[in-house]
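Trainee: Here it is: the structure, laid out below.
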Amino acid sequence: MSSRSLPHGPLYSALKTAVDAHRAAHPSLPGAVPRKALVIVAWFVASWVALVFLSQTWWQAGLAAVSLGLSMAGIGFNVQHDGGHRAASTSQPVNALMALGLDLLGGSSYVWHWKHNVHHHTNPNLVGHDADIDIEPLVRLSPTQAWRPWHRAQHLYAWALYALLAVKWHFVDDFVNVATGRISGCPFPRPRGKDLAGFVIGKLGFATWAFGVPLLFHPPLTVLAGYLVASVVLSLTLAITFQAAHCVAEAEFPDPNAPSVEWAEHQLRTSVDFGGSSAFVRWFVGGLDHQTVHHLFPRVPHVELAGLAKVVREVCRAQGVAYRELPGFFAAVASHGRHLAALGREPVRAPLSTAPAPA
């Protein structure tokens, strides 16, 4: 299955015209995203040094590991994400360097480009195209996915699965994707040459700072415990933030067999803002509390998304299109819980017809 391509239309033209005019009148400060990236990378380095070299007790190590996991999520949201979308800077070398933040975290910027930029952003919430909603058969995130009896409890156990996201990502997903040349059923070109070298170097670099250096100073079980705490914090932060933006009761999950709509309308139907969040949440998640604007204009720096949300909302109102938003992060998390519970209930099946067959 290849990634489906939706057409642009008058809605996107109206949105782009308004957004371009606003950006011309309110340009972001040059270098704002790279400067923020330096702060978050410094947080990451300080947390790692504290965990490996400075912690003397279990609770000090625990706090340092939690801080490390949060800083890693911060790199994902604010450094790698903008860089991977070529939105961090007008300098493409700067964007490329920031995109490598994912390799620092143990992922693959090459695989992410295909999984996120190509498949997810083209067809969010579409089964068979968007790998981010493919947790089958353990969790049912779309009504177009098959229901299984254990889904009745998925609103209880899904959170534990989310906590394992980074472990699975580090040791399974990227390797399986590269070995098979497929991401959630969609083919992608396996890395070769410098891309393959970058994949291997990134994995070895992560293994060096996450396990190699710590093992020189601490017993294996201590190193493993630190890794697990940091990875669980990273996993829950990334997973819940994504689910809060797409997998909520207010978002749509289009039927792959239904007629397609204009690209911009699909993005508006499948993305939900939680823009009423605190200033810290907005700073930390890299503007992804305004997920709708990001999906419509992925190459816009995240520091501009909050301002552009007002513009997009006004255009949607004028066009008679719904702009979906929730009042804050915790409201979005609660909506995700309701979404899990609703999809965990066994679908009602239409009764078999008892009418006699025509003569």
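In the structure tokens, chains take the letters A, B, ... in the order shown, each chain's residues start at 1, and ligands count up from 1 in the order shown.
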With a cut-off of 9 Å, could you pull out the residues of segment 216-287 of chain A touching segment 132-141 of chain A and give me the nearest pair of atoms for each, distance in Å to one decimal, using only C-alpha atoms, ordered by chain and ascending number, as JSON lines?
Mentor:
{"residue": "A:Phe242", "atom": "CA", "partner": "A:Asp132", "partner_atom": "CA", "distance": 8.6}
{"residue": "A:Gln243", "atom": "CA", "partner": "A:Ile133", "partner_atom": "CA", "distance": 8.9}
{"residue": "A:Cys247", "atom": "CA", "partner": "A:Leu141", "partner_atom": "CA", "distance": 6.8}
{"residue": "A:Phe253", "atom": "CA", "partner": "A:Leu141", "partner_atom": "CA", "distance": 8.8}
Trainee: Convert the current residue selection to file output with N, CA and C atoms, as a PDB file, in the first residue's frame.
Mentor:
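Done, and the output landed in again-v1.pdb:
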ATOM      1  N   PHE A 242       1.029  13.075  21.764  1.00  0.00           N
ATOM      2  CA  PHE A 242       0.496  12.762  20.435  1.00  0.00           C
ATOM      3  C   PHE A 242      -0.980  12.375  20.522  1.00  0.00           C
ATOM      4  N   GLN A 243      -1.315  11.500  21.452  1.00  0.00           N
ATOM      5  CA  GLN A 243      -2.709  11.046  21.542  1.00  0.00           C
ATOM      6  C   GLN A 243      -3.645  12.207  21.837  1.00  0.00           C
ATOM      7  N   CYS A 247      -5.861  11.412  18.787  1.00  0.00           N
ATOM      8  CA  CYS A 247      -6.696  10.277  19.195  1.00  0.00           C
ATOM      9  C   CYS A 247      -7.597  10.664  20.348  1.00  0.00           C
ATOM     10  N   PHE A 253     -11.741   9.794  12.297  1.00  0.00           N
ATOM     11  CA  PHE A 253     -10.910   8.716  11.770  1.00  0.00           C
ATOM     12  C   PHE A 253     -11.562   8.266  10.464  1.00  0.00           C
TER      13      PHE A 253
END
Trainee: Env of Ser277 of chain A: 9 Å cut, atoms = only C-alpha atoms, seq-sep filter 2 positions within chain, self excluded. Answer as a list in words.
Mentor: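 After dropping sequence-adjacent residues, the list is Phe274, Gly275, Ala279, Phe280, Val281, Arg282, Asp289, Pro327, Gly328, Phe329 and Phe330 of chain A.
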Trainee: Once you have the residues from the selection above, write them out as a compact mmCIF listing (two decimals), in the first residue's frame, restricted to C-alpha atoms.
Mentor:
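out.txt was written with the following content:
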# COMPACT_ATOMS: atom_id res chain seq x y z
CA PHE A 274 -5.33 21.87 23.32
CA GLY A 275 -4.26 25.49 23.13
CA ALA A 279 2.69 28.76 29.20
CA PHE A 280 5.05 26.03 30.40
CA VAL A 281 3.17 23.26 28.54
CA ARG A 282 3.23 25.35 25.37
CA ASP A 289 -0.73 22.19 21.58
CA PRO A 327 -9.45 23.90 26.69
CA GLY A 328 -6.11 22.45 27.83
CA PHE A 329 -3.74 19.50 28.03
CA PHE A 330 -5.56 17.67 30.81
Trainee: Among segment 186-357 of chain A, which ones does DSSP assign to alpha helix (DSSP H) (computed from the backbone)? Answer as a PyMOL selection string.
Mentor: chain A and resi 194-207+213-215+220-246+263-270+279-284+291-296+305-319+329-344
Trainee: Once DSSP has gone over the backbone, tell me which residues of segment 127-255 of chain A are in strand (DSSP E), as a VMD selection string.
Mentor: chain A and resid 182 to 183 186 to 187
Trainee: So that I can check the surroundings of Pro143 of chain A, please list as a list in words every protein, DNA and RNA residue that reaches within 12 Å of it, counting only C-alpha atoms and ignoring chain neighbours fewer than 4 positions away.
Mentor: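 With the cut-off at 12 Å, the set is Asn125, Leu126, Val127, Ile133, Val139, Trp147, Arg148, His151, Cys247, Ala249, Ala251, Glu252, Phe253, Pro254, Asp255, Pro256, His339, Leu340, Ala341, Ala342, Leu343, Gly344, Arg345, Glu346, Pro347 and Val348 of chain A.
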Trainee: Would you mind listing what lies within 9 Å of segment 204-215 of chain A as a list in words, with only C-alpha atoms counted and same-chain residues fewer than 3 positions away left out?
Mentor: Trp48, Leu51, Val52, Phe53, Asp103, Leu104, Leu105, Gly106, Gly107, Phe199, Val200, Ile201, His218, Pro219, Pro220, Thr222, Val223, Leu224 and Tyr227 of chain A
Trainee: When you look at Val111 of chain A with a cut-off of 12 Å (counting only C-alpha atoms), what residues show up, excluding the ones that are within fewer than 5 positions of it in the same chain? I need them as an mmCIF file with N, CA and C atoms, in the first residue's frame.
Mentor:
data_model
loop_
_atom_site.group_PDB
_atom_site.id
_atom_site.type_symbol
_atom_site.label_atom_id
_atom_site.label_comp_id
_atom_site.auth_asym_id
_atom_site.auth_seq_id
_atom_site.Cartn_x
_atom_site.Cartn_y
_atom_site.Cartn_z
ATOM 1 N N GLY A 84 13.432 18.335 11.605
ATOM 2 C CA GLY A 84 12.978 17.329 10.661
ATOM 3 C C GLY A 84 11.978 17.865 9.658
ATOM 4 N N ALA A 99 17.638 17.965 13.101
ATOM 5 C CA ALA A 99 16.899 16.727 12.837
ATOM 6 C C ALA A 99 17.617 15.521 13.414
ATOM 7 N N LEU A 100 18.948 15.600 13.517
ATOM 8 C CA LEU A 100 19.721 14.492 14.079
ATOM 9 C C LEU A 100 19.494 14.335 15.579
ATOM 10 N N LEU A 102 16.945 13.299 16.840
ATOM 11 C CA LEU A 102 16.250 12.028 17.029
ATOM 12 C C LEU A 102 17.240 10.877 17.137
ATOM 13 N N ASP A 103 18.318 10.927 16.369
ATOM 14 C CA ASP A 103 19.345 9.891 16.470
ATOM 15 C C ASP A 103 20.009 9.946 17.841
ATOM 16 N N GLY A 106 18.090 7.933 20.246
ATOM 17 C CA GLY A 106 18.029 6.493 20.006
ATOM 18 C C GLY A 106 17.132 6.088 18.869
ATOM 19 N N HIS A 116 6.782 9.887 9.671
ATOM 20 C CA HIS A 116 6.078 11.070 10.175
ATOM 21 C C HIS A 116 5.764 12.063 9.058
ATOM 22 N N ASN A 117 6.799 12.544 8.382
ATOM 23 C CA ASN A 117 6.587 13.574 7.364
ATOM 24 C C ASN A 117 5.745 13.069 6.194
ATOM 25 N N VAL A 118 6.077 11.882 5.716
ATOM 26 C CA VAL A 118 5.415 11.383 4.504
ATOM 27 C C VAL A 118 4.079 10.721 4.826
ATOM 28 N N HIS A 119 4.090 9.702 5.703
ATOM 29 C CA HIS A 119 2.872 8.924 5.918
ATOM 30 C C HIS A 119 1.900 9.601 6.896
ATOM 31 N N ALA A 131 1.048 5.189 10.663
ATOM 32 C CA ALA A 131 1.589 4.209 11.613
ATOM 33 C C ALA A 131 1.367 4.620 13.053
ATOM 34 N N TRP A 169 10.802 1.265 20.504
ATOM 35 C CA TRP A 169 11.373 2.117 19.461
ATOM 36 C C TRP A 169 12.885 1.892 19.359
ATOM 37 N N ASP A 173 11.373 -1.315 16.593
ATOM 38 C CA ASP A 173 10.671 -0.706 15.463
ATOM 39 C C ASP A 173 11.585 -0.292 14.310
ATOM 40 N N ASP A 174 12.614 0.513 14.616
ATOM 41 C CA ASP A 174 13.468 0.999 13.532
ATOM 42 C C ASP A 174 14.132 -0.151 12.781
ATOM 43 N N PHE A 175 14.571 -1.160 13.520
ATOM 44 C CA PHE A 175 15.250 -2.291 12.889
ATOM 45 C C PHE A 175 14.294 -3.089 12.008
ATOM 46 N N VAL A 176 13.065 -3.297 12.501
ATOM 47 C CA VAL A 176 12.075 -4.020 11.697
ATOM 48 C C VAL A 176 11.713 -3.215 10.450
ATOM 49 N N ASN A 177 11.521 -1.902 10.606
ATOM 50 C CA ASN A 177 11.189 -1.064 9.457
ATOM 51 C C ASN A 177 12.275 -1.126 8.386
ATOM 52 N N VAL A 178 13.518 -1.009 8.814
ATOM 53 C CA VAL A 178 14.628 -1.030 7.851
ATOM 54 C C VAL A 178 14.777 -2.414 7.220
ATOM 55 N N ALA A 179 14.601 -3.458 8.013
ATOM 56 C CA ALA A 179 14.756 -4.818 7.488
ATOM 57 C C ALA A 179 13.673 -5.163 6.476
ATOM 58 N N GLY A 181 11.546 -2.792 4.949
ATOM 59 C CA GLY A 181 11.258 -1.740 3.990
ATOM 60 C C GLY A 181 9.807 -1.318 4.001
ATOM 61 N N ARG A 182 9.142 -1.478 5.160
ATOM 62 C CA ARG A 182 7.730 -1.121 5.276
ATOM 63 C C ARG A 182 7.470 -0.448 6.615
ATOM 64 N N ILE A 183 6.540 0.499 6.598
ATOM 65 C CA ILE A 183 6.093 1.181 7.804
ATOM 66 C C ILE A 183 4.582 1.093 7.830
ATOM 67 N N PRO A 187 5.249 0.827 1.914
ATOM 68 C CA PRO A 187 6.664 0.664 1.583
ATOM 69 C C PRO A 187 7.409 1.996 1.656
ATOM 70 N N PHE A 188 8.686 1.919 1.971
ATOM 71 C CA PHE A 188 9.549 3.097 1.917
ATOM 72 C C PHE A 188 10.946 2.629 1.523
ATOM 73 N N PRO A 189 11.762 3.508 0.930
ATOM 74 C CA PRO A 189 13.097 3.089 0.493
ATOM 75 C C PRO A 189 14.015 2.828 1.686
ATOM 76 N N ARG A 190 14.514 1.639 1.795
ATOM 77 C CA ARG A 190 15.427 1.322 2.887
ATOM 78 C C ARG A 190 16.705 2.139 2.754
ATOM 79 N N PRO A 191 17.296 2.538 3.882
ATOM 80 C CA PRO A 191 18.495 3.384 3.810
ATOM 81 C C PRO A 191 19.670 2.649 3.179
ATOM 82 N N ASP A 195 22.938 7.157 4.175
ATOM 83 C CA ASP A 195 21.758 7.051 5.034
ATOM 84 C C ASP A 195 21.865 5.836 5.951
ATOM 85 N N LEU A 196 22.341 4.727 5.409
ATOM 86 C CA LEU A 196 22.522 3.532 6.227
ATOM 87 C C LEU A 196 23.637 3.752 7.247
ATOM 88 N N GLY A 198 24.469 6.608 8.535
ATOM 89 C CA GLY A 198 23.907 7.479 9.559
ATOM 90 C C GLY A 198 23.020 6.718 10.527
ATOM 91 N N PHE A 199 22.257 5.766 10.007
ATOM 92 C CA PHE A 199 21.400 4.936 10.855
ATOM 93 C C PHE A 199 22.244 4.162 11.865
ATOM 94 N N GLY A 202 24.076 6.481 14.396
ATOM 95 C CA GLY A 202 23.133 7.001 15.381
ATOM 96 C C GLY A 202 22.809 5.986 16.460
#
